[in-house]
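Trainee: Got a structure for you, questions after.
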Amino acid sequence: MATLAVACGDASDEVLPDANSVAVDGRVSTGPDAMVGERAYAVGTDFSTSGILSEVDVPTHEVTTGVVAGVASTDPALRYFNGKLYIVNRYGADNITIVDPATNQLITQISTGAGTNPQDVAVKGNKLYVAALNSGNIIILDETNPSATPDTIDISSYDMDGVPDASSLYLVGNLLFVSLELLDGSFVSQGGKVVVIDTATDTVIDDVELTHNNPFGTFELRRDTSELFITTTDFAGTGCVERVQTSPPYAVDCVVDEASLGGYASTIRSHGDTLWLAVATSFTEGHVIDVTGGTPGSTPLTANTFQATDLALCPSGAIVVNDQTNGGLRLYVDGSEVTTSVLNIGLPPSLSNGIVCF
């Protein structure tokens, strides 16, 4: 299944902070003092019957498992906007669940419609824009009125089957960027597009072709330039991390290809001109590397003894990484691991886009 993107925005043209981008001031962690008050949240799943939302105190590494019961499905992703956690419960659950991390209390849960398979959410005021893999529309929910009939933006014309497989979206000012996988009946991508929506009128105003098929990954924003990055892949060595300009004419280029990475980027996070990537080198192996100016770093952040498929950047510069091999999380500061063993969050962490830190 496609994964999710980070998205943020409000009624103005300002891009708001999100939980997966280090602050623009470029702070770099200098130890525990820089991390005071930082928390990470992660969703986990046994991929069959249960999901979980857990909390990590970043300075102390203390884990609180299952902080709010019943909010995560067996296919969850996690976002953080404007002081709230948004859990995207995907295949088979079809809802957006909102949690207040200040109190660890459920705020509300909103259905996206049976069988829609939501993949991502962007927040503008009380409006939630949802990309759904099995819908011909962008779904618009009202956070203040969960039972209201959703509004929609029709994108069905972008695919012959009427379902263009929207997998990721990101709000930059008033513009909503939506990636389309364009899958055929055999789930093979027949292209890759980014659609641009003006949220002032909730209408499609433009679209642009990506350089490769299948934007399987999720959008990440470089905050100082407002460029978006997303992974394209055919899982056979063809694809790249693509850059999308968020001002007309919305130019697209390939920043670093899979041959250079040795795999595809399952998660992208940005800190200034550096991209941190969780790179899947096979279905059982993966590691975290940094890429600056299109050149991958020579030494992975993570050890080759475990599979890393997801990460989040904290405001201090600390990095939270998932360890699929051992079923938990690890913390890194100034390029070195500071956890002495894997942090158990109660269930194996989600494969990607399941960690936030703020």
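Residues in the structure tokens are named by chain (A, B, ... in the order shown) and by number from 1 within that chain; ligands are numbered from 1 in the order shown.
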I'd like to know which residues of segment 99-296 of chain A are strand (DSSP E) (by DSSP, run on the backbone); could you write them as JSON, numbers by chain?
Mentor: {"A": [99, 100, 105, 106, 107, 108, 109, 110, 111, 118, 119, 120, 121, 122, 123, 124, 127, 128, 129, 130, 131, 132, 137, 138, 139, 140, 141, 142, 151, 152, 153, 154, 166, 167, 168, 169, 170, 171, 172, 175, 176, 177, 178, 179, 180, 193, 194, 195, 196, 197, 198, 203, 204, 205, 206, 207, 208, 209, 220, 221, 222, 227, 228, 229, 230, 231, 232, 233, 239, 240, 241, 242, 243, 244, 252, 253, 254, 255, 256, 257, 264, 265, 266, 267, 268, 269, 270, 271, 274, 275, 276, 277, 278, 279, 280, 286, 287, 288, 289, 290, 291, 292, 295, 296]}
Trainee: How close does segment 85-182 of chain A get to segment 245-249 of chain A? List, as CSV, each residue of segment 85-182 of chain A within 10 Å, its nearest atom pair and the distance in Å to one decimal, counting only C-alpha atoms.
Mentor:
residue,atom,partner,partner_atom,distance
A:Leu171,CA,A:Thr246,CA,9.9
A:Val172,CA,A:Thr246,CA,7.5
A:Gly173,CA,A:Thr246,CA,9.7
A:Leu175,CA,A:Thr246,CA,8.2
A:Leu176,CA,A:Thr246,CA,9.5
A:Phe177,CA,A:Thr246,CA,8.2
Trainee: Would you write out those residues with C-alpha atoms, as a tab-separated table (two decimals), in the first residue's frame?
Mentor:
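File produced: selection_28.tsv:
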chain	number	residue	atom	x	y	z
A	171	LEU	CA	-0.36	21.96	1.98
A	172	VAL	CA	1.96	24.88	1.22
A	173	GLY	CA	0.15	28.13	1.96
A	175	LEU	CA	-1.86	25.30	-2.41
A	176	LEU	CA	-2.43	21.59	-1.86
A	177	PHE	CA	-0.05	19.27	-3.72
Trainee: Using only C-alpha atoms, pick whichever of A:Thr60, A:Thr339, A:Thr295, A:Gln109 has the shortest atom-to-atom distance to Leu261 of chain A.
Mentor: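 Looking at the shortest contact to Leu261 of chain A, the residue is A:Thr295.
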Trainee: I want to know what sits within 7 Å of segment 151-167 of chain A, based on only C-alpha atoms, with residues of the same chain fewer than 6 positions away left out; could you give that as an MDAnalysis selection string?
Mentor: chainID A and resid 2:4 119:120 131:141 178:183 202:203
Trainee: Any chance you could export the current selection's N, CA and C atoms as a PDB file, in the first residue's frame?
Mentor:
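For reference, selection_33.pdb as written:
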ATOM      1  N   ALA A   2       0.315   2.316  -0.503  1.00  0.00           N
ATOM      2  CA  ALA A   2       1.042   3.578  -0.479  1.00  0.00           C
ATOM      3  C   ALA A   2       1.125   4.085   0.942  1.00  0.00           C
ATOM      4  N   THR A   3       2.096   4.941   1.147  1.00  0.00           N
ATOM      5  CA  THR A   3       2.250   5.503   2.461  1.00  0.00           C
ATOM      6  C   THR A   3       1.867   6.967   2.475  1.00  0.00           C
ATOM      7  N   LEU A   4       2.144   7.627   3.560  1.00  0.00           N
ATOM      8  CA  LEU A   4       1.565   8.931   3.823  1.00  0.00           C
ATOM      9  C   LEU A   4       2.581  10.033   3.767  1.00  0.00           C
ATOM     10  N   GLN A 119      -4.829   7.643   2.913  1.00  0.00           N
ATOM     11  CA  GLN A 119      -3.382   7.522   2.951  1.00  0.00           C
ATOM     12  C   GLN A 119      -2.680   8.704   3.611  1.00  0.00           C
ATOM     13  N   ASP A 120      -3.315   9.869   3.611  1.00  0.00           N
ATOM     14  CA  ASP A 120      -2.644  11.050   4.143  1.00  0.00           C
ATOM     15  C   ASP A 120      -3.668  12.101   4.514  1.00  0.00           C
ATOM     16  N   ALA A 131      -6.115  12.294   1.233  1.00  0.00           N
ATOM     17  CA  ALA A 131      -5.823  11.517   0.029  1.00  0.00           C
ATOM     18  C   ALA A 131      -6.200  10.075   0.299  1.00  0.00           C
ATOM     19  N   ALA A 132      -7.020   9.504  -0.580  1.00  0.00           N
ATOM     20  CA  ALA A 132      -7.496   8.134  -0.403  1.00  0.00           C
ATOM     21  C   ALA A 132      -7.157   7.311  -1.641  1.00  0.00           C
ATOM     22  N   LEU A 133      -6.580   6.146  -1.409  1.00  0.00           N
ATOM     23  CA  LEU A 133      -6.101   5.325  -2.518  1.00  0.00           C
ATOM     24  C   LEU A 133      -7.239   4.767  -3.353  1.00  0.00           C
ATOM     25  N   ASN A 134      -8.399   4.578  -2.737  1.00  0.00           N
ATOM     26  CA  ASN A 134      -9.515   3.948  -3.444  1.00  0.00           C
ATOM     27  C   ASN A 134     -10.694   4.904  -3.602  1.00  0.00           C
ATOM     28  N   SER A 135     -10.383   6.133  -4.023  1.00  0.00           N
ATOM     29  CA  SER A 135     -11.423   7.125  -4.242  1.00  0.00           C
ATOM     30  C   SER A 135     -11.042   7.985  -5.432  1.00  0.00           C
ATOM     31  N   GLY A 136     -12.043   8.458  -6.146  1.00  0.00           N
ATOM     32  CA  GLY A 136     -11.811   9.390  -7.245  1.00  0.00           C
ATOM     33  C   GLY A 136     -11.822  10.831  -6.803  1.00  0.00           C
ATOM     34  N   ASN A 137     -11.813  11.058  -5.490  1.00  0.00           N
ATOM     35  CA  ASN A 137     -11.890  12.408  -4.942  1.00  0.00           C
ATOM     36  C   ASN A 137     -10.837  12.641  -3.878  1.00  0.00           C
ATOM     37  N   ILE A 138     -10.470  13.894  -3.681  1.00  0.00           N
ATOM     38  CA  ILE A 138      -9.863  14.320  -2.429  1.00  0.00           C
ATOM     39  C   ILE A 138     -11.021  14.549  -1.478  1.00  0.00           C
ATOM     40  N   ILE A 139     -10.961  13.936  -0.321  1.00  0.00           N
ATOM     41  CA  ILE A 139     -12.051  13.994   0.653  1.00  0.00           C
ATOM     42  C   ILE A 139     -11.785  15.126   1.642  1.00  0.00           C
ATOM     43  N   ILE A 140     -12.801  15.929   1.919  1.00  0.00           N
ATOM     44  CA  ILE A 140     -12.660  17.058   2.842  1.00  0.00           C
ATOM     45  C   ILE A 140     -13.570  16.828   4.044  1.00  0.00           C
ATOM     46  N   LEU A 141     -12.956  16.675   5.220  1.00  0.00           N
ATOM     47  CA  LEU A 141     -13.694  16.436   6.454  1.00  0.00           C
ATOM     48  C   LEU A 141     -13.742  17.711   7.291  1.00  0.00           C
ATOM     49  N   VAL A 178      -0.883  17.116  -4.468  1.00  0.00           N
ATOM     50  CA  VAL A 178      -1.369  15.750  -4.313  1.00  0.00           C
ATOM     51  C   VAL A 178      -0.641  14.847  -5.296  1.00  0.00           C
ATOM     52  N   SER A 179      -0.062  13.750  -4.810  1.00  0.00           N
ATOM     53  CA  SER A 179       0.611  12.803  -5.692  1.00  0.00           C
ATOM     54  C   SER A 179      -0.361  11.699  -6.107  1.00  0.00           C
ATOM     55  N   LEU A 180      -0.259  11.293  -7.379  1.00  0.00           N
ATOM     56  CA  LEU A 180      -1.122  10.253  -7.937  1.00  0.00           C
ATOM     57  C   LEU A 180      -0.258   9.106  -8.445  1.00  0.00           C
ATOM     58  N   GLU A 181      -0.527   7.887  -7.957  1.00  0.00           N
ATOM     59  CA  GLU A 181       0.255   6.727  -8.365  1.00  0.00           C
ATOM     60  C   GLU A 181      -0.177   6.176  -9.726  1.00  0.00           C
ATOM     61  N   LEU A 182      -1.440   6.368 -10.112  1.00  0.00           N
ATOM     62  CA  LEU A 182      -1.961   5.945 -11.418  1.00  0.00           C
ATOM     63  C   LEU A 182      -1.735   4.451 -11.654  1.00  0.00           C
ATOM     64  N   LEU A 183      -2.254   3.641 -10.733  1.00  0.00           N
ATOM     65  CA  LEU A 183      -2.113   2.191 -10.819  1.00  0.00           C
ATOM     66  C   LEU A 183      -3.143   1.583 -11.754  1.00  0.00           C
ATOM     67  N   ASP A 202     -11.034  25.322  -3.525  1.00  0.00           N
ATOM     68  CA  ASP A 202     -11.088  23.854  -3.595  1.00  0.00           C
ATOM     69  C   ASP A 202     -11.275  23.362  -5.024  1.00  0.00           C
ATOM     70  N   THR A 203     -10.444  23.895  -5.909  1.00  0.00           N
ATOM     71  CA  THR A 203     -10.465  23.490  -7.314  1.00  0.00           C
ATOM     72  C   THR A 203      -9.050  23.149  -7.778  1.00  0.00           C
TER      73      THR A 203
END
Trainee: List every residue of segment 55-298 of chain A that DSSP, applied to the backbone of this structure, assigns to alpha helix (DSSP H), and report them as a VMD selection string.
Mentor: chain A and resid 258 to 261
Trainee: Atom CA of Ala265 of chain A to atom CA of Ala280 of chain A: how many Å, to one decimal?
Mentor: 6.2 Å
Trainee: Excluding Thr49 of chain A and any residue of its chain fewer than 3 positions from it, enumerate the residues within 9 Å of it, using only C-alpha atoms, and give them as a compact mmCIF listing (two decimals) with C-alpha atoms, in the first residue's frame.
Mentor:
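Produced file selection.txt, reproduced below:
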# COMPACT_ATOMS: atom_id res chain seq x y z
CA THR A 45 0.97 -2.76 14.60
CA ASP A 46 1.01 -6.54 14.56
CA SER A 73 -5.66 0.32 13.48
CA THR A 74 -3.54 -2.47 12.01
